[in-house]
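With compact mmCIF, C-alpha atoms and all ligand atoms inside, this is entry_6.txt:
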```
# COMPACT_ATOMS: atom_id res chain seq x y z
CA MET S 247 12.78 8.32 31.08
CA ILE S 248 15.68 7.83 28.70
CA LEU S 249 19.27 8.66 29.60
CA ILE S 250 21.34 9.51 26.54
CA LEU S 251 25.07 9.12 27.11
CA ARG S 252 27.69 11.27 25.38
CA ALA S 253 28.72 10.17 21.89
CA GLN S 254 32.09 8.35 21.69
CA ILE S 255 32.28 7.90 25.44
CA PRO S 256 35.46 5.91 26.31
CA PRO S 257 34.76 2.41 27.74
CA GLU S 258 36.20 3.23 31.21
CA GLU S 259 33.97 6.30 31.50
CA LEU S 260 31.00 4.26 30.37
CA ASP S 261 31.65 1.62 33.05
CA GLN S 262 32.05 4.31 35.68
CA ALA S 263 28.83 6.03 34.57
CA LEU S 264 26.90 2.75 34.82
CA VAL S 265 28.11 2.24 38.39
CA GLN S 266 27.05 5.81 39.27
CA ILE S 267 23.62 5.40 37.64
CA GLY S 268 23.16 2.07 39.45
CA CYS S 269 23.94 3.74 42.81
CA ILE S 270 21.49 6.58 42.16
CA ILE S 271 18.64 4.27 41.07
CA GLY S 272 19.36 1.52 43.61
CA LEU S 273 18.00 -1.19 41.31
CA PRO S 274 19.55 -3.51 38.69
CA LEU S 275 19.93 -1.57 35.42
CA PRO S 276 18.13 -2.55 32.21
CA PRO S 277 20.24 -3.41 29.14
CA LEU S 278 22.35 -0.64 27.67
CA VAL S 279 21.26 0.05 24.09
CA LYS S 280 23.25 1.64 21.28
CA MET S 281 21.22 3.62 18.76
CA GLU S 282 22.75 5.91 16.17
CA GLU S 283 26.21 6.12 17.75
CA ARG S 284 24.95 6.80 21.27
CA TYR S 285 24.45 4.55 24.25
CA MET S 286 21.18 4.96 26.07
CA LEU S 287 19.36 3.54 29.07
CA ALA S 288 15.59 3.54 29.44
CA LEU S 289 14.27 3.72 33.01
CA ASP S 290 10.81 3.49 34.50
CA ALA S 291 9.94 6.99 35.77
CA ALA S 292 8.45 5.36 38.89
CA HIS S 293 11.98 4.39 39.95
CA VAL S 294 13.38 7.92 39.69
CA ASP S 295 12.33 10.58 42.20
CA GLU S 296 13.08 14.28 41.77
CA GLU S 297 16.38 14.12 43.62
CA ALA S 298 17.56 11.08 41.63
CA PHE S 299 16.53 12.83 38.42
CA LYS S 300 18.72 15.84 39.27
CA SER S 301 21.69 13.62 40.16
CA LEU S 302 21.36 11.69 36.91
CA ALA S 303 21.05 14.84 34.80
CA GLY S 304 24.19 16.21 36.49
CA LEU S 305 26.45 13.23 35.66
CA PRO S 306 29.23 14.26 33.24
CA ALA S 307 28.66 11.14 31.09
CA ILE S 308 25.04 12.07 30.44
CA GLU S 309 24.30 14.31 27.49
CA ARG S 310 20.54 14.52 27.79
CA VAL S 311 17.62 13.12 29.78
CA ILE S 312 14.34 12.62 27.95
CA PRO S 313 11.59 12.57 30.56
CA THR S 314 8.96 10.29 28.96
CA LYS S 315 6.16 8.85 31.08
CA ARG S 316 5.07 6.43 28.39
CA PRO S 317 5.57 2.75 29.25
CA TYR S 318 7.51 2.17 26.02
CA LYS S 319 10.54 4.39 25.62
CA LEU S 320 13.09 3.46 22.97
CA VAL S 321 10.38 3.06 20.30
CA SER S 322 8.64 6.30 21.24
CA ARG S 323 8.49 9.48 19.17
CA GLU S 324 9.80 11.35 22.18
CA LEU S 325 13.17 9.69 21.71
CA LYS S 326 13.36 10.34 17.99
CA SER S 327 11.17 12.56 15.87
CA GLU S 328 12.54 11.39 12.51
CA PRO S 329 11.20 8.09 11.18
CA THR S 330 13.31 4.95 11.45
CA VAL S 331 14.27 3.57 8.06
CA VAL S 332 14.72 -0.20 8.08
CA MET S 333 17.00 -1.68 5.44
CA VAL S 334 16.14 -5.18 4.21
CA GLY S 335 18.55 -7.26 2.09
CA ASP S 336 22.34 -7.11 1.88
CA GLY S 337 22.94 -5.96 -1.71
CA ILE S 338 25.03 -9.09 -2.38
CA THR S 339 22.72 -12.08 -2.20
CA SER S 340 19.67 -9.86 -2.71
CA ASN S 341 18.52 -6.37 -3.60
CA VAL S 342 18.35 -3.81 -0.83
CA THR S 343 15.03 -2.19 -0.08
CA LEU S 344 13.92 0.19 2.60
CA ILE S 345 10.84 0.33 4.81
CA GLY S 346 9.82 3.61 6.41
CA GLY S 347 10.84 7.20 5.96
CA ILE S 348 10.47 7.18 2.18
CA GLU S 349 7.43 8.25 0.21
CA ALA S 350 7.19 5.07 -1.85
CA PRO S 351 5.44 2.20 -0.04
CA THR S 352 7.26 -1.13 0.19
CA ILE S 353 5.41 -4.12 -1.26
CA ILE S 354 5.91 -7.49 0.45
CA ALA S 355 4.19 -10.38 -1.33
CA GLY S 356 4.26 -14.15 -1.59
CA PRO S 357 2.45 -17.27 -0.46
CA CYS S 358 1.22 -17.90 3.06
CA ALA S 359 3.32 -21.05 3.19
CA VAL S 360 6.17 -22.47 1.14
CA GLU S 361 4.55 -25.63 -0.24
CA SER S 362 6.90 -26.87 -2.97
CA ARG S 363 9.66 -25.64 -5.27
CA GLU S 364 7.20 -25.29 -8.20
CA GLN S 365 4.64 -23.34 -6.17
CA LEU S 366 7.22 -21.04 -4.56
CA PHE S 367 9.15 -20.31 -7.74
CA ALA S 368 6.03 -19.70 -9.84
CA THR S 369 4.75 -17.24 -7.23
CA ALA S 370 8.13 -15.61 -6.53
CA LEU S 371 8.82 -14.87 -10.20
CA ALA S 372 5.27 -13.58 -10.65
CA VAL S 373 5.37 -11.21 -7.64
CA LYS S 374 8.74 -9.91 -8.79
CA LYS S 375 7.29 -9.23 -12.25
CA ALA S 376 4.32 -7.48 -10.65
CA GLY S 377 6.72 -5.09 -8.86
CA ALA S 378 7.03 -6.49 -5.31
CA HIS S 379 10.17 -5.55 -3.36
CA ILE S 380 10.32 -8.35 -0.76
CA LEU S 381 9.24 -12.01 -0.99
CA ARG S 382 7.27 -13.52 1.91
CA GLY S 383 6.59 -17.20 2.62
CA GLY S 384 6.20 -19.26 5.78
CA ALA S 385 8.44 -22.28 6.35
CA PHE S 386 7.25 -22.71 9.95
CA LYS S 387 3.49 -22.19 10.16
CA PRO S 388 1.62 -21.53 13.42
CA ARG S 389 -1.63 -23.35 12.55
CA THR S 390 -4.74 -23.35 14.72
CA SER S 391 -5.17 -27.12 14.31
CA PRO S 392 -2.36 -29.64 14.73
CA TYR S 393 -3.77 -31.55 11.73
CA GLN S 394 -3.28 -28.67 9.27
CA PHE S 395 -0.18 -28.28 7.08
CA GLN S 396 2.60 -27.07 9.40
CA GLY S 397 5.09 -25.90 6.76
CA LEU S 398 8.21 -27.50 5.28
CA GLY S 399 10.53 -26.28 8.06
CA VAL S 400 14.22 -25.97 7.18
CA GLU S 401 13.56 -27.38 3.70
CA GLY S 402 11.22 -24.41 3.17
CA LEU S 403 13.94 -21.99 4.30
CA ALA S 404 16.34 -23.47 1.75
CA LEU S 405 13.72 -23.04 -0.99
CA LEU S 406 13.22 -19.40 0.03
CA ALA S 407 16.98 -18.82 -0.24
CA GLU S 408 16.91 -20.34 -3.73
CA ALA S 409 13.99 -18.12 -4.69
CA ARG S 410 16.00 -15.09 -3.50
CA GLU S 411 18.89 -16.22 -5.65
CA GLN S 412 16.57 -16.48 -8.67
CA THR S 413 14.68 -13.22 -8.19
CA GLY S 414 16.99 -10.94 -6.20
CA LEU S 415 14.14 -10.27 -3.78
CA PRO S 416 15.05 -10.26 -0.07
CA ILE S 417 12.95 -12.71 1.95
CA VAL S 418 10.89 -12.45 5.13
CA THR S 419 9.76 -15.55 6.98
CA GLU S 420 8.33 -16.40 10.38
CA VAL S 421 10.30 -17.69 13.35
CA MET S 422 8.22 -19.30 16.11
CA GLU S 423 10.68 -20.22 18.85
CA PRO S 424 13.77 -18.68 20.43
CA ASP S 425 15.94 -21.74 19.71
CA MET S 426 15.27 -21.42 15.98
CA VAL S 427 16.15 -17.71 15.67
CA GLU S 428 19.74 -18.37 14.64
CA VAL S 429 18.72 -20.99 12.07
CA VAL S 430 16.01 -18.82 10.48
CA ALA S 431 18.28 -15.74 10.54
CA GLY S 432 20.83 -17.81 8.61
CA TYR S 433 18.42 -17.85 5.65
CA ALA S 434 16.08 -14.87 5.99
CA ASP S 435 16.72 -11.17 5.33
CA MET S 436 13.98 -10.21 7.80
CA LEU S 437 12.43 -12.26 10.61
CA GLN S 438 8.67 -12.27 11.12
CA ILE S 439 7.16 -12.61 14.58
CA GLY S 440 3.57 -13.74 14.10
CA ALA S 441 0.43 -12.46 15.81
CA ARG S 442 0.25 -15.51 18.07
CA ASN S 443 3.77 -14.87 19.32
CA MET S 444 3.62 -11.12 19.85
CA GLN S 445 3.92 -11.59 23.59
CA ASN S 446 6.40 -14.46 23.52
CA TYR S 447 9.01 -12.51 25.47
CA PRO S 448 11.90 -14.99 25.13
CA LEU S 449 11.32 -14.94 21.34
CA LEU S 450 11.23 -11.12 21.25
CA THR S 451 14.48 -10.94 23.22
CA ALA S 452 16.17 -13.58 21.03
CA CYS S 453 15.19 -11.58 17.91
CA GLY S 454 16.53 -8.46 19.60
CA ARG S 455 19.91 -10.10 20.14
CA GLN S 456 20.56 -10.76 16.45
CA GLN S 457 21.16 -8.47 13.50
CA ARG S 458 18.34 -9.12 11.02
CA PRO S 459 15.45 -6.67 10.92
CA VAL S 460 12.26 -7.92 12.54
CA MET S 461 8.65 -7.56 11.39
CA LEU S 462 6.42 -7.67 14.46
CA LYS S 463 2.78 -8.46 13.75
CA ARG S 464 0.09 -7.19 16.08
CA GLY S 465 -1.33 -9.81 18.45
CA LEU S 466 -4.85 -11.11 17.79
CA SER S 467 -6.32 -8.81 20.41
CA ALA S 468 -3.36 -6.71 21.47
CA THR S 469 -3.73 -3.11 22.52
CA VAL S 470 -1.41 -0.54 20.95
CA ASN S 471 0.51 -0.24 24.24
CA GLU S 472 1.03 -4.01 24.45
CA TRP S 473 2.19 -4.05 20.83
CA LEU S 474 4.64 -1.17 21.32
CA LEU S 475 5.96 -2.76 24.51
CA ALA S 476 6.57 -5.97 22.55
CA ALA S 477 8.56 -3.89 20.03
CA GLU S 478 10.38 -2.29 22.96
CA TYR S 479 11.59 -5.77 24.06
CA ILE S 480 13.30 -6.24 20.68
CA VAL S 481 14.89 -2.76 20.66
CA ALA S 482 15.89 -2.98 24.34
CA ALA S 483 17.70 -6.25 23.58
CA GLY S 484 19.82 -4.40 21.02
CA ASN S 485 18.02 -4.47 17.65
CA PRO S 486 16.60 -1.10 16.53
CA ASN S 487 15.36 -2.43 13.17
CA VAL S 488 11.74 -3.26 13.89
CA VAL S 489 8.79 -2.90 11.50
CA LEU S 490 5.26 -3.03 12.92
CA CYS S 491 2.60 -4.91 10.93
CA GLU S 492 -1.12 -4.34 11.52
CA ARG S 493 -2.94 -7.55 10.53
CA GLY S 494 -6.42 -7.05 11.92
CA ILE S 495 -7.82 -7.68 15.37
CA ARG S 496 -10.45 -10.07 16.72
CA SER S 497 -14.06 -9.01 16.62
CA TYR S 498 -17.51 -10.57 16.96
CA ASP S 499 -18.53 -10.68 13.30
CA PRO S 500 -17.53 -13.83 11.41
CA GLN S 501 -18.08 -12.14 8.03
CA THR S 502 -14.41 -11.18 7.94
CA ARG S 503 -11.51 -13.06 9.52
CA ASN S 504 -10.55 -10.00 11.59
CA VAL S 505 -11.24 -6.27 11.62
CA LEU S 506 -8.58 -4.19 9.93
CA ASP S 507 -7.74 -1.42 12.36
CA LEU S 508 -6.53 1.30 10.01
CA THR S 509 -6.79 3.93 12.73
CA VAL S 510 -3.58 2.56 14.21
CA VAL S 511 -1.55 3.71 11.21
CA PRO S 512 -1.85 7.48 11.86
CA LEU S 513 -2.01 6.77 15.61
CA LEU S 514 1.30 4.90 15.56
CA ARG S 515 2.83 7.77 13.58
CA GLU S 516 2.15 9.96 16.62
CA LEU S 517 3.45 7.43 19.12
CA THR S 518 6.46 5.77 17.49
CA HIS S 519 9.27 6.36 15.01
CA LEU S 520 9.07 2.74 13.78
CA PRO S 521 7.73 2.00 10.28
CA VAL S 522 4.20 0.59 10.00
CA ILE S 523 2.98 -1.74 7.30
CA VAL S 524 -0.44 -3.32 6.83
CA ASP S 525 -1.42 -6.91 6.01
CA PRO S 526 -4.89 -6.78 4.42
CA SER S 527 -4.82 -10.55 3.74
CA HIS S 528 -5.03 -11.79 7.34
CA ALA S 529 -7.10 -8.76 8.31
CA THR S 530 -9.94 -9.56 5.91
CA GLY S 531 -9.48 -13.26 5.18
CA LYS S 532 -11.11 -12.75 1.76
CA SER S 533 -9.22 -12.21 -1.48
CA THR S 534 -12.03 -10.03 -2.88
CA LEU S 535 -11.55 -7.50 -0.07
CA VAL S 536 -7.76 -7.33 -0.29
CA PRO S 537 -7.32 -4.81 -3.17
CA ALA S 538 -9.55 -2.13 -1.61
CA MET S 539 -8.00 -2.50 1.84
CA ALA S 540 -4.48 -2.49 0.35
CA ARG S 541 -5.24 0.87 -1.27
CA ALA S 542 -6.78 2.12 1.97
CA SER S 543 -3.66 1.08 3.90
CA ILE S 544 -1.54 3.35 1.73
CA ALA S 545 -4.11 6.13 1.78
CA VAL S 546 -3.88 6.33 5.59
CA GLY S 547 -0.10 6.59 5.43
CA GLY S 548 1.17 3.00 5.73
CA ASP S 549 4.84 2.49 4.85
CA GLY S 550 3.90 -0.58 2.84
CA ILE S 551 1.71 -3.63 2.58
CA MET S 552 2.21 -7.34 3.00
CA VAL S 553 -0.13 -9.48 0.89
CA GLU S 554 -0.54 -13.20 0.36
CA VAL S 555 -0.26 -14.21 -3.29
CA HIS S 556 -0.53 -17.69 -4.79
CA SER S 557 -0.07 -18.76 -8.40
CA HIS S 558 -3.14 -21.05 -7.94
CA PRO S 559 -5.08 -19.86 -4.86
CA GLU S 560 -7.62 -22.70 -5.14
CA GLU S 561 -4.80 -25.24 -4.60
CA ALA S 562 -3.15 -23.45 -1.62
CA LEU S 563 -2.40 -25.62 1.44
CA CYS S 564 -2.84 -22.63 3.73
CA ASP S 565 -5.01 -19.47 3.63
CA GLY S 566 -6.09 -19.98 0.00
CA GLN S 567 -9.36 -18.04 0.50
CA GLN S 568 -7.44 -14.84 1.18
CA ALA S 569 -4.71 -15.33 -1.47
CA ILE S 570 -4.80 -13.04 -4.48
CA THR S 571 -3.37 -13.92 -7.89
CA PRO S 572 -0.20 -12.32 -9.30
CA HIS S 573 -2.44 -10.46 -11.77
CA GLN S 574 -4.43 -8.93 -8.91
CA LEU S 575 -1.15 -7.97 -7.22
CA SER S 576 0.02 -6.08 -10.30
CA GLU S 577 -3.30 -4.20 -10.33
CA ILE S 578 -2.84 -3.27 -6.66
CA ILE S 579 0.73 -2.09 -7.29
CA ARG S 580 -0.38 -0.08 -10.34
CA ASN S 581 -3.04 1.62 -8.23
CA ILE S 582 -0.64 2.32 -5.35
CA ARG S 583 1.93 3.77 -7.73
CA ALA S 584 -0.74 6.01 -9.20
CA MET S 585 -1.95 7.15 -5.76
CA VAL S 586 1.54 7.92 -4.49
CA SER S 587 2.74 9.58 -7.67
CA LEU S 588 -0.37 11.71 -7.94
CA SER S 589 0.05 13.04 -4.47
CA PHE S 590 3.67 14.00 -5.11
CA GLU S 591 3.97 14.81 -8.78
CA GLU S 592 0.64 16.02 -9.94
CA GLY S 593 0.29 15.90 -13.67
CA LYS S 594 3.51 13.94 -14.29
CA ASP S 595 3.82 10.48 -15.77
CA VAL S 596 2.66 8.14 -13.02
CA THR S 597 5.26 5.37 -13.32
CA HIS S 598 8.14 7.78 -13.69
CA GLY S 599 6.90 9.74 -10.68
CA TYR S 600 6.94 6.66 -8.47
CA ASP S 601 10.42 5.61 -9.53
CA ALA S 602 11.70 9.13 -9.03
CA ILE S 603 10.61 9.07 -5.38
CA TYR S 604 12.12 5.64 -4.81
CA PRO S 605 15.77 6.62 -4.95
CA HIS S 606 16.75 4.21 -2.18
CA PHE S 607 15.78 1.04 -3.96
CA ILE S 608 19.16 -0.42 -4.85
CA VAL S 609 19.26 -3.29 -7.31
CA ARG S 610 22.08 -5.73 -6.62
C1 LIG C 701 1.25 -15.11 8.23
O1 LIG C 701 1.72 -14.00 7.93
O2 LIG C 701 1.21 -16.07 7.45
C2 LIG C 701 0.63 -15.29 9.56
C3 LIG C 701 0.58 -16.49 10.15
O3 LIG C 701 0.12 -14.15 10.05
P1 LIG C 701 -0.45 -13.78 11.52
O4 LIG C 701 0.66 -14.10 12.46
O5 LIG C 701 -0.74 -12.32 11.39
O6 LIG C 701 -1.68 -14.61 11.72
MN MN C 702 -1.32 -16.79 6.15
```

How does the structure come out when it is put into structure tokens?
Ligand code: PEP
Ligand code: MN
Amino acid sequence: MILILRAQIPPEELDQALVQIGCIIGLPLPPLVKMEERYMLALDAAHVDEEAFKSLAGLPAIERVIPTKRPYKLVSRELKSEPTVVMVGDGITSNVTLIGGIEAPTIIAGPCAVESREQLFATALAVKKAGAHILRGGAFKPRTSPYQFQGLGVEGLALLAEAREQTGLPIVTEVMEPDMVEVVAGYADMLQIGARNMQNYPLLTACGRQQRPVMLKRGLSATVNEWLLAAEYIVAAGNPNVVLCERGIRSYDPQTRNVLDLTVVPLLRELTHLPVIVDPSHATGKSTLVPAMARASIAVGGDGIMVEVHSHPEEALCDGQQAITPHQLSEIIRNIRAMVSLSFEEGKDVTHGYDAIYPHFIVR
């Protein structure tokens, strides 16, 4: 269940209310979270019997009790029926773009890994020209083999910041360990938690304790509940700006790298208010399959896509077989614009229609 405290509650009353709630529950309280001007506390229903429920609901500091039985609470639709809109970029060092709650899908594109200034800049300028809104690129790479290219580390972060300066695109990049969260957040506009780290709870909590939005990729074989509970860790630690990214799940058939689970997009709409984007690159592992699955991701209602793009895919140090070219990206974006505009502005000029429904995209 979720206890929603009164808006603008004075600090002394808040302290008093926490003592009262603690006495009623008889267990240490979880972290207090502030979302949209209100403090709230999420409790496991198993710890609250009928009598305790009545006492809690009767406390003067409590405005409302939302009785959810779902294991995840703060990310659930029961808490909030309107979609969460996540803002990426600060409008000073980069453009501002939004993910979620708007009709126009957000396009995140860039190389798997930052390899060199030339490679990053060539790709960054090309994805910007193609119409991408956010630049991706890994500086710290979680590679299956210790002998594969591991990324440029902090040097890669500095190159990403330079690419943002050049293009105006906000950047998203992966952070792999709690101790590096502050460093990566010093450069990135959005932090990425990779599939392999979806259940790294100290990392989730560290990302929840800082201000940058977080893109949480689905674990290699994570259930939807496990994934939403991982998101709950970030929100419960104080950061409501979480974007979920479906990137395919493990299966038995080696024909594709993973199986793209598109069912989760409409399913997550029912379960959570968080935005959902889709990564068809890691899901398929094959550049030839990316355009169709990118279109499909939008058709099922995704709030955006994240795709790997390389100016010369055959030379990529990481994931080259799934990288598309900037030309292929512009085709994908043209198709997505057409799909979205057609569904909203039938018969009108396609490009104009898309821009008209993207009023929140603020250029610095
Ligand atoms: C990536 O986005 O480059 C990446 C490593 O993805 P995932 O964590 O989904 O494998
Ligand atoms: Mn990759």

Non-local contacts of S:Gly335 (12 Å; only C-alpha atoms; under 6 positions in same chain excluded) as a VMD selection string: chain S and resid 341 to 345 379 to 381 407 410 to 411 414 to 418 431 433 to 437 457 to 459 607 to 610

Dump of C-alpha atoms for the selected residues, as an mmCIF file, in the coordinates of the input:
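Produced file part-v6.cif, reproduced below:
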```cif
data_model
loop_
_atom_site.group_PDB
_atom_site.id
_atom_site.type_symbol
_atom_site.label_atom_id
_atom_site.label_comp_id
_atom_site.auth_asym_id
_atom_site.auth_seq_id
_atom_site.Cartn_x
_atom_site.Cartn_y
_atom_site.Cartn_z
ATOM 1 C CA ASN S 341 18.520 -6.370 -3.600
ATOM 2 C CA VAL S 342 18.350 -3.810 -0.830
ATOM 3 C CA THR S 343 15.030 -2.190 -0.080
ATOM 4 C CA LEU S 344 13.920 0.190 2.600
ATOM 5 C CA ILE S 345 10.840 0.330 4.810
ATOM 6 C CA HIS S 379 10.170 -5.550 -3.360
ATOM 7 C CA ILE S 380 10.320 -8.350 -0.760
ATOM 8 C CA LEU S 381 9.240 -12.010 -0.990
ATOM 9 C CA ALA S 407 16.980 -18.820 -0.240
ATOM 10 C CA ARG S 410 16.000 -15.090 -3.500
ATOM 11 C CA GLU S 411 18.890 -16.220 -5.650
ATOM 12 C CA GLY S 414 16.990 -10.940 -6.200
ATOM 13 C CA LEU S 415 14.140 -10.270 -3.780
ATOM 14 C CA PRO S 416 15.050 -10.260 -0.070
ATOM 15 C CA ILE S 417 12.950 -12.710 1.950
ATOM 16 C CA VAL S 418 10.890 -12.450 5.130
ATOM 17 C CA ALA S 431 18.280 -15.740 10.540
ATOM 18 C CA TYR S 433 18.420 -17.850 5.650
ATOM 19 C CA ALA S 434 16.080 -14.870 5.990
ATOM 20 C CA ASP S 435 16.720 -11.170 5.330
ATOM 21 C CA MET S 436 13.980 -10.210 7.800
ATOM 22 C CA LEU S 437 12.430 -12.260 10.610
ATOM 23 C CA GLN S 457 21.160 -8.470 13.500
ATOM 24 C CA ARG S 458 18.340 -9.120 11.020
ATOM 25 C CA PRO S 459 15.450 -6.670 10.920
ATOM 26 C CA PHE S 607 15.780 1.040 -3.960
ATOM 27 C CA ILE S 608 19.160 -0.420 -4.850
ATOM 28 C CA VAL S 609 19.260 -3.290 -7.310
ATOM 29 C CA ARG S 610 22.080 -5.730 -6.620
#
```

To test the calculation: enclose all listed atoms of ligand LIG 701 (chain C) in a box whose edges run along x, y and z, add 3 Å on each side, then state centre and edge lengths in Å to one decimal, as AutoDock Vina command-line options.
```
--center_x 0.0 --center_y -14.4 --center_z 10.0 --size_x 9.4 --size_y 10.2 --size_z 11.0
```

Point (10.9, 7.6, 31.0), cut-off 7 Å, counting all atoms listed in the file, residues as JSON, numbers by chain: {"S": [247, 248, 288, 289, 290, 291, 312, 313, 314, 315, 316, 319]}

Put those residues in a file: C-alpha atoms, as a short mmCIF file (atom, residue, chain, number, x, y, z; two decimals), keeping the file's coordinate frame.
```cif
data_model
loop_
_atom_site.label_atom_id
_atom_site.label_comp_id
_atom_site.auth_asym_id
_atom_site.auth_seq_id
_atom_site.Cartn_x
_atom_site.Cartn_y
_atom_site.Cartn_z
CA MET S 247 12.78 8.32 31.08
CA ILE S 248 15.68 7.83 28.70
CA ALA S 288 15.59 3.54 29.44
CA LEU S 289 14.27 3.72 33.01
CA ASP S 290 10.81 3.49 34.50
CA ALA S 291 9.94 6.99 35.77
CA ILE S 312 14.34 12.62 27.95
CA PRO S 313 11.59 12.57 30.56
CA THR S 314 8.96 10.29 28.96
CA LYS S 315 6.16 8.85 31.08
CA ARG S 316 5.07 6.43 28.39
CA LYS S 319 10.54 4.39 25.62
#
```

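Distances to ligand MN 702 (chain C) were evaluated for S:Ala538, S:Ala253, S:Val360, S:Val546 using all atoms listed in the file, and the minimum falls at S:Val360.
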
Expected answer as a PyMOL selection string: residues within 10 Å of ligand MN 702 (chain C), only C-alpha atoms and all ligand atoms: chain S and resi 356-359+383-384+387-389+440+525+527-528+531+553-555+564-569
